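So this block is input_25.cif, mmCIF, C-alpha atoms and all ligand atoms:
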```
data_final
#
loop_
_atom_site.label_atom_id
_atom_site.label_comp_id
_atom_site.auth_asym_id
_atom_site.auth_seq_id
_atom_site.Cartn_x
_atom_site.Cartn_y
_atom_site.Cartn_z
CA MET A 1 22.56 -38.40 -41.25
CA HIS A 2 21.83 -39.91 -44.64
CA SER A 3 19.77 -43.09 -44.65
CA LEU A 4 21.05 -45.00 -47.68
CA ARG A 5 20.50 -48.34 -49.35
CA SER A 6 23.87 -48.29 -51.08
CA ILE A 7 26.73 -46.38 -52.67
CA PHE A 8 28.14 -48.12 -55.72
CA SER A 9 29.90 -47.61 -59.02
CA SER A 10 28.26 -48.50 -62.31
CA LEU A 11 27.32 -47.19 -65.74
CA GLN A 12 24.21 -45.08 -66.06
CA GLY A 13 21.88 -47.46 -67.86
CA GLU A 14 19.09 -45.18 -69.08
CA GLY A 15 18.21 -41.83 -70.57
CA ARG A 16 20.62 -39.39 -72.21
CA ASN A 17 23.53 -40.30 -69.93
CA THR A 18 23.46 -44.01 -70.81
CA GLY A 19 26.99 -45.38 -70.64
CA ARG A 20 28.34 -42.65 -68.32
CA PRO A 21 30.46 -44.11 -65.50
CA CYS A 22 28.93 -42.85 -62.27
CA THR A 23 28.84 -43.35 -58.55
CA PHE A 24 25.27 -43.94 -57.44
CA ILE A 25 24.11 -42.74 -54.02
CA ARG A 26 20.85 -44.53 -53.38
CA TYR A 27 18.60 -43.21 -50.59
CA SER A 28 16.38 -45.61 -48.71
CA SER A 29 12.98 -43.96 -48.32
CA CYS A 30 10.35 -42.45 -50.57
CA ASN A 31 7.20 -40.32 -50.42
CA LEU A 32 5.42 -42.74 -52.80
CA ALA A 33 4.94 -46.51 -52.63
CA CYS A 34 4.89 -47.98 -56.14
CA VAL A 35 3.92 -51.66 -56.07
CA TRP A 36 6.97 -52.85 -58.01
CA CYS A 37 9.45 -50.92 -55.84
CA ASP A 38 11.82 -52.72 -53.48
CA THR A 39 13.09 -49.56 -51.73
CA GLU A 40 11.41 -50.14 -48.39
CA ARG A 41 12.36 -53.83 -48.28
CA ILE A 42 16.12 -53.34 -48.51
CA SER A 43 18.10 -52.62 -45.37
CA LYS A 44 19.29 -49.12 -44.59
CA MET A 45 22.65 -47.75 -43.51
CA LEU A 46 23.26 -44.41 -41.82
CA PHE A 47 26.09 -42.18 -43.07
CA THR A 48 27.26 -38.68 -42.19
CA THR A 49 27.87 -36.32 -45.11
CA ASP A 50 31.65 -36.73 -44.66
CA GLN A 51 31.32 -40.51 -44.77
CA VAL A 52 29.31 -40.33 -48.00
CA VAL A 53 31.91 -38.05 -49.58
CA ARG A 54 34.71 -40.43 -48.51
CA GLU A 55 32.88 -43.45 -49.97
CA VAL A 56 32.28 -41.57 -53.22
CA ALA A 57 36.00 -40.65 -53.43
CA LYS A 58 36.98 -44.34 -53.09
CA LEU A 59 34.99 -45.22 -56.23
CA LYS A 60 36.95 -42.71 -58.36
CA ASN A 61 34.17 -41.61 -60.74
CA LYS A 62 33.85 -37.96 -61.79
CA SER A 63 30.06 -38.15 -61.91
CA VAL A 64 27.57 -38.83 -59.14
CA ILE A 65 23.91 -39.75 -59.48
CA ILE A 66 21.78 -39.24 -56.39
CA THR A 67 18.77 -41.50 -56.56
CA GLY A 68 16.42 -43.46 -54.39
CA GLY A 69 14.11 -43.93 -52.85
CA GLU A 70 13.39 -40.24 -53.20
CA PRO A 71 16.30 -37.83 -52.70
CA THR A 72 14.24 -34.61 -52.49
CA ILE A 73 12.67 -35.56 -49.15
CA GLN A 74 16.02 -36.21 -47.46
CA PRO A 75 16.72 -33.53 -44.82
CA GLU A 76 20.50 -33.33 -45.44
CA LEU A 77 20.49 -33.53 -49.22
CA GLU A 78 21.61 -29.92 -49.77
CA ASN A 79 24.61 -30.40 -47.43
CA LEU A 80 25.64 -33.43 -49.44
CA VAL A 81 25.27 -31.65 -52.78
CA ASP A 82 27.38 -28.73 -51.48
CA ALA A 83 30.06 -31.08 -50.17
CA LEU A 84 30.22 -33.00 -53.47
CA LYS A 85 30.27 -29.76 -55.50
CA GLU A 86 33.22 -28.59 -53.47
CA LYS A 87 35.10 -31.68 -54.65
CA GLY A 88 34.24 -30.90 -58.28
CA TYR A 89 31.83 -33.73 -59.09
CA TRP A 90 29.17 -33.56 -61.82
CA ILE A 91 25.97 -34.27 -59.88
CA ALA A 92 22.68 -35.58 -61.19
CA ILE A 93 19.46 -36.28 -59.34
CA GLU A 94 16.83 -38.87 -60.20
CA THR A 95 13.50 -37.95 -58.63
CA ASN A 96 9.82 -38.72 -58.90
CA GLY A 97 9.32 -34.94 -59.21
CA LEU A 98 6.65 -34.59 -56.53
CA VAL A 99 8.68 -32.05 -54.55
CA ALA A 100 10.90 -29.27 -55.95
CA PRO A 101 13.47 -28.38 -53.26
CA PRO A 102 14.59 -24.71 -53.30
CA PHE A 103 18.18 -25.74 -54.13
CA ILE A 104 17.22 -27.86 -57.18
CA ASP A 105 19.33 -25.65 -59.49
CA LYS A 106 22.50 -26.84 -57.74
CA PHE A 107 22.25 -30.11 -59.67
CA ASP A 108 24.03 -30.39 -63.02
CA TYR A 109 21.38 -32.73 -64.36
CA ILE A 110 17.78 -33.41 -63.34
CA ALA A 111 15.94 -36.57 -64.40
CA VAL A 112 12.29 -36.69 -63.38
CA SER A 113 10.24 -39.86 -63.43
CA PRO A 114 6.64 -38.92 -62.57
CA LYS A 115 4.42 -41.76 -61.44
CA PRO A 116 1.07 -41.92 -63.31
CA GLN A 117 -0.64 -43.94 -60.57
CA TYR A 118 -0.05 -41.00 -58.19
CA GLN A 119 -1.06 -38.20 -60.54
CA VAL A 120 -3.54 -36.73 -58.02
CA ARG A 121 -0.63 -36.13 -55.61
CA TYR A 122 1.24 -33.91 -58.10
CA ASP A 123 0.55 -30.21 -57.54
CA LYS A 124 1.93 -27.84 -60.17
CA ASN A 125 2.91 -25.31 -57.49
CA SER A 126 5.16 -27.67 -55.54
CA MET A 127 6.32 -30.22 -58.11
CA ILE A 128 9.44 -29.97 -60.29
CA ARG A 129 8.56 -27.94 -63.43
CA LYS A 130 11.93 -27.93 -65.23
CA ALA A 131 14.29 -30.84 -65.91
CA ASN A 132 16.86 -32.15 -68.34
CA GLU A 133 14.93 -35.31 -69.00
CA VAL A 134 11.57 -36.81 -68.13
CA ARG A 135 11.18 -40.60 -68.08
CA ILE A 136 7.81 -42.27 -67.75
CA VAL A 137 7.61 -45.99 -67.10
CA ALA A 138 5.02 -47.64 -69.35
CA THR A 139 2.94 -49.30 -66.64
CA SER A 140 0.15 -49.30 -69.28
CA ASP A 141 0.03 -48.49 -72.99
CA ASP A 142 -2.88 -46.17 -72.23
CA LEU A 143 -0.86 -43.26 -70.85
CA ALA A 144 -0.50 -41.09 -73.95
CA VAL A 145 -2.77 -38.30 -72.69
CA TYR A 146 -1.02 -38.42 -69.31
CA CYS A 147 2.37 -38.14 -71.04
CA LEU A 148 1.26 -35.00 -72.88
CA LYS A 149 -0.07 -33.48 -69.65
CA ILE A 150 3.31 -34.10 -68.04
CA ARG A 151 5.02 -32.49 -71.03
CA ASP A 152 2.92 -29.37 -70.44
CA LEU A 153 3.80 -29.38 -66.74
CA ILE A 154 7.53 -30.18 -66.92
CA LYS A 155 9.73 -28.42 -69.46
CA ALA A 156 12.59 -30.75 -70.39
CA ASP A 157 15.14 -31.28 -73.15
CA ASP A 158 14.18 -34.93 -73.66
CA TYR A 159 11.13 -37.08 -72.97
CA TYR A 160 11.44 -40.85 -72.64
CA ILE A 161 9.19 -43.87 -72.24
CA SER A 162 10.76 -46.80 -70.38
CA PRO A 163 9.55 -50.40 -70.40
CA LEU A 164 8.25 -51.72 -67.09
CA GLU A 165 10.19 -54.60 -65.58
CA GLU A 166 7.98 -57.16 -63.86
CA LYS A 167 9.33 -60.32 -62.29
CA GLY A 168 12.43 -60.14 -64.47
CA ARG A 169 10.48 -59.53 -67.69
CA MET A 170 10.78 -56.26 -69.63
CA HIS A 171 7.55 -55.09 -71.29
CA TYR A 172 9.09 -53.67 -74.49
CA ARG A 173 6.01 -54.11 -76.66
CA ARG A 174 3.84 -52.13 -74.22
CA ALA A 175 6.45 -49.34 -74.14
CA MET A 176 6.62 -49.22 -77.95
CA THR A 177 2.83 -49.14 -78.23
CA LEU A 178 2.66 -46.22 -75.80
CA LEU A 179 5.48 -44.47 -77.65
CA SER A 180 3.65 -44.74 -80.98
CA LYS A 181 0.41 -43.47 -79.40
CA VAL A 182 2.00 -40.44 -77.78
CA ASN A 183 3.99 -39.50 -80.88
CA LYS A 184 0.84 -39.85 -82.97
CA LEU A 185 -1.03 -37.44 -80.68
CA SER A 186 1.68 -34.77 -80.76
CA ASN A 187 4.27 -33.58 -83.28
CA GLU A 188 6.16 -31.54 -80.71
CA MET A 189 9.95 -31.78 -81.02
CA PRO A 190 11.86 -33.63 -79.83
CA PRO A 191 9.61 -36.67 -80.15
CA TRP A 192 9.22 -39.04 -77.21
CA GLN A 193 11.98 -41.66 -77.31
CA LEU A 194 12.48 -45.15 -75.94
CA SER A 195 14.80 -45.44 -72.94
CA ILE A 196 15.81 -49.02 -72.30
CA GLN A 197 17.15 -49.80 -68.83
CA THR A 198 20.27 -51.34 -70.32
CA HIS A 199 21.71 -52.11 -66.87
CA LYS A 200 18.77 -54.51 -66.37
CA VAL A 201 19.14 -56.04 -69.84
CA LEU A 202 22.86 -56.58 -69.26
CA GLY A 203 22.40 -57.72 -65.67
CA ILE A 204 24.70 -55.07 -64.25
CA ARG A 205 23.90 -53.13 -61.12
S1 LIG B 301 8.82 -43.24 -56.74
FE1 LIG B 301 10.57 -44.59 -57.19
S2 LIG B 301 11.52 -45.01 -55.21
FE2 LIG B 301 9.48 -44.16 -54.79
S3 LIG B 301 8.19 -45.94 -54.52
FE3 LIG B 301 8.03 -45.34 -56.68
S4 LIG B 301 9.62 -46.55 -57.74
FE4 LIG B 301 10.06 -46.64 -55.53
#
```
For the file at hand, write its structure as structure tokens.
Ligand code: SF4
Amino acid sequence: MHSLRSIFSSLQGEGRNTGRPCTFIRYSSCNLACVWCDTERISKMLFTTDQVVREVAKLKNKSVIITGGEPTIQPELENLVDALKEKGYWIAIETNGLVAPPFIDKFDYIAVSPKPQYQVRYDKNSMIRKANEVRIVATSDDLAVYCLKIRDLIKADDYYISPLEEKGRMHYRRAMTLLSKVNKLSNEMPPWQLSIQTHKVLGIR
């Protein structure tokens, strides 16, 4: 069974796929416990793989984003990916990157959002080392060295800094300060970019 918070249709609001109409499959549990996260407080629903695929079909998007919570710790994730692939969907995963499942290459797009406050939990032998994009939330403007360490650990096409949302307020200035610090420390291409969570700015789901 899949323990989910929700399945819904929306536009991807952040990163390279901003504006892409997608069906989001949002899992309900995580292997981390970030203070700002509401994952554990929202009620869960149990679905079989077939039920998930049927719900996804009803929403009529060609793209699916599997997110969380943390998808990589879900025991039936590979079954779901296989079932969605069979139907021809483009499938992305959004993960904190702590665990690299053996079937990670089945995803068409991998977005990793490592959590600086848990950096001691990340082990280079078991974490995700290759992705399409890396997004780091600017919980502080003092994460430039951490960002460069992550860039060494995870090879990606794009690297983003996202503003933290706290009690409805987006910390853009902090994100921009961090962005300028990290791009000052390194000239590596592509430069780190700002990823605004436009779904939050626009008030869409
Ligand atoms: S990694 Fe993501 S889902 Fe897990 S606790 Fe942190 S914010 Fe929530």
Among listed residues A:Lys155, A:Lys106, A:Lys87, A:Arg41, nearest Val134 (chain A) (using all atoms listed in the file): A:Lys155
Fewer than 3 positions away in the same chain doesn't count, so skip those; otherwise give me all residues within 10 Å of Ser162 (chain A), counting all atoms listed in the file, as a compact mmCIF listing (two decimals) with C-alpha atoms, in the frame of the given file.
```txt
# COMPACT_ATOMS: atom_id res chain seq x y z
CA GLU A 14 19.09 -45.18 -69.08
CA GLY A 15 18.21 -41.83 -70.57
CA SER A 113 10.24 -39.86 -63.43
CA ARG A 135 11.18 -40.60 -68.08
CA ILE A 136 7.81 -42.27 -67.75
CA VAL A 137 7.61 -45.99 -67.10
CA ALA A 138 5.02 -47.64 -69.35
CA THR A 139 2.94 -49.30 -66.64
CA GLU A 165 10.19 -54.60 -65.58
CA MET A 170 10.78 -56.26 -69.63
CA HIS A 171 7.55 -55.09 -71.29
CA TYR A 172 9.09 -53.67 -74.49
CA ARG A 174 3.84 -52.13 -74.22
CA ALA A 175 6.45 -49.34 -74.14
CA MET A 176 6.62 -49.22 -77.95
CA LEU A 178 2.66 -46.22 -75.80
CA LEU A 179 5.48 -44.47 -77.65
CA GLN A 193 11.98 -41.66 -77.31
CA LEU A 194 12.48 -45.15 -75.94
CA SER A 195 14.80 -45.44 -72.94
CA ILE A 196 15.81 -49.02 -72.30
CA GLN A 197 17.15 -49.80 -68.83
```
One-decimal distance in Å that lies between CA of Val53 (chain A) and CA of Glu86 (chain A): 10.3 Å
Considering all atoms listed in the file, tabulate each residue of chain A that lies at most 12 Å from ligand LIG 301 (chain B) along with its nearest interatomic pair and the corresponding distance in Å to one decimal; arrange the rows by chain and ascending residue number and present them as JSON lines.
```
{"residue": "A:Arg5", "atom": "CA", "partner": "B:LIG301", "partner_atom": "S2", "distance": 11.2}
{"residue": "A:Arg26", "atom": "CA", "partner": "B:LIG301", "partner_atom": "S2", "distance": 9.5}
{"residue": "A:Tyr27", "atom": "CA", "partner": "B:LIG301", "partner_atom": "S2", "distance": 8.6}
{"residue": "A:Ser28", "atom": "CA", "partner": "B:LIG301", "partner_atom": "S2", "distance": 8.1}
{"residue": "A:Ser29", "atom": "CA", "partner": "B:LIG301", "partner_atom": "S2", "distance": 7.1}
{"residue": "A:Cys30", "atom": "CA", "partner": "B:LIG301", "partner_atom": "FE2", "distance": 4.6}
{"residue": "A:Asn31", "atom": "CA", "partner": "B:LIG301", "partner_atom": "FE2", "distance": 6.2}
{"residue": "A:Leu32", "atom": "CA", "partner": "B:LIG301", "partner_atom": "S3", "distance": 4.6}
{"residue": "A:Ala33", "atom": "CA", "partner": "B:LIG301", "partner_atom": "S3", "distance": 3.8}
{"residue": "A:Cys34", "atom": "CA", "partner": "B:LIG301", "partner_atom": "FE3", "distance": 4.1}
{"residue": "A:Val35", "atom": "CA", "partner": "B:LIG301", "partner_atom": "S3", "distance": 7.3}
{"residue": "A:Trp36", "atom": "CA", "partner": "B:LIG301", "partner_atom": "S4", "distance": 6.8}
{"residue": "A:Cys37", "atom": "CA", "partner": "B:LIG301", "partner_atom": "FE4", "distance": 4.3}
{"residue": "A:Asp38", "atom": "CA", "partner": "B:LIG301", "partner_atom": "FE4", "distance": 6.7}
{"residue": "A:Thr39", "atom": "CA", "partner": "B:LIG301", "partner_atom": "FE4", "distance": 5.7}
{"residue": "A:Glu40", "atom": "CA", "partner": "B:LIG301", "partner_atom": "FE4", "distance": 8.1}
{"residue": "A:Arg41", "atom": "CA", "partner": "B:LIG301", "partner_atom": "FE4", "distance": 10.5}
{"residue": "A:Ile42", "atom": "CA", "partner": "B:LIG301", "partner_atom": "FE4", "distance": 11.4}
{"residue": "A:Ile66", "atom": "CA", "partner": "B:LIG301", "partner_atom": "S2", "distance": 11.8}
{"residue": "A:Thr67", "atom": "CA", "partner": "B:LIG301", "partner_atom": "S2", "distance": 8.2}
{"residue": "A:Gly68", "atom": "CA", "partner": "B:LIG301", "partner_atom": "S2", "distance": 5.2}
{"residue": "A:Gly69", "atom": "CA", "partner": "B:LIG301", "partner_atom": "S2", "distance": 3.7}
{"residue": "A:Glu70", "atom": "CA", "partner": "B:LIG301", "partner_atom": "S2", "distance": 5.5}
{"residue": "A:Pro71", "atom": "CA", "partner": "B:LIG301", "partner_atom": "S2", "distance": 9.0}
{"residue": "A:Thr72", "atom": "CA", "partner": "B:LIG301", "partner_atom": "FE2", "distance": 10.9}
{"residue": "A:Ile73", "atom": "CA", "partner": "B:LIG301", "partner_atom": "FE2", "distance": 10.8}
{"residue": "A:Glu94", "atom": "CA", "partner": "B:LIG301", "partner_atom": "FE1", "distance": 9.0}
{"residue": "A:Thr95", "atom": "CA", "partner": "B:LIG301", "partner_atom": "S1", "distance": 7.3}
{"residue": "A:Asn96", "atom": "CA", "partner": "B:LIG301", "partner_atom": "S1", "distance": 5.1}
{"residue": "A:Gly97", "atom": "CA", "partner": "B:LIG301", "partner_atom": "S1", "distance": 8.7}
{"residue": "A:Leu98", "atom": "CA", "partner": "B:LIG301", "partner_atom": "S1", "distance": 8.9}
{"residue": "A:Val99", "atom": "CA", "partner": "B:LIG301", "partner_atom": "S1", "distance": 11.4}
{"residue": "A:Val112", "atom": "CA", "partner": "B:LIG301", "partner_atom": "S1", "distance": 10.0}
{"residue": "A:Ser113", "atom": "CA", "partner": "B:LIG301", "partner_atom": "S1", "distance": 7.6}
{"residue": "A:Pro114", "atom": "CA", "partner": "B:LIG301", "partner_atom": "S1", "distance": 7.6}
{"residue": "A:Lys115", "atom": "CA", "partner": "B:LIG301", "partner_atom": "S1", "distance": 6.6}
{"residue": "A:Pro116", "atom": "CA", "partner": "B:LIG301", "partner_atom": "FE3", "distance": 10.2}
{"residue": "A:Gln117", "atom": "CA", "partner": "B:LIG301", "partner_atom": "FE3", "distance": 9.6}
{"residue": "A:Tyr118", "atom": "CA", "partner": "B:LIG301", "partner_atom": "S1", "distance": 9.3}
{"residue": "A:Gln119", "atom": "CA", "partner": "B:LIG301", "partner_atom": "S1", "distance": 11.7}
{"residue": "A:Arg121", "atom": "CA", "partner": "B:LIG301", "partner_atom": "S1", "distance": 11.9}
{"residue": "A:Arg135", "atom": "CA", "partner": "B:LIG301", "partner_atom": "FE1", "distance": 11.6}
{"residue": "A:Ile136", "atom": "CA", "partner": "B:LIG301", "partner_atom": "S4", "distance": 11.0}
{"residue": "A:Val137", "atom": "CA", "partner": "B:LIG301", "partner_atom": "S4", "distance": 9.6}
{"residue": "A:Thr139", "atom": "CA", "partner": "B:LIG301", "partner_atom": "S4", "distance": 11.5}
{"residue": "A:Leu164", "atom": "CA", "partner": "B:LIG301", "partner_atom": "S4", "distance": 10.8}
{"residue": "A:Glu165", "atom": "CA", "partner": "B:LIG301", "partner_atom": "S4", "distance": 11.3}
```
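Residues in contact with Met45 (chain A) at 9 Å, where all atoms listed in the file are counted and same-chain residues fewer than 2 positions away are skipped, are listed as His2, Ser3, Leu4, Arg5, Ser6, Ser28, Ser43 and Phe47 of chain A.
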Distance of CA of Lys62 (chain A) from CA of Val201 (chain A), expressed in Å to one decimal place: 24.7 Å
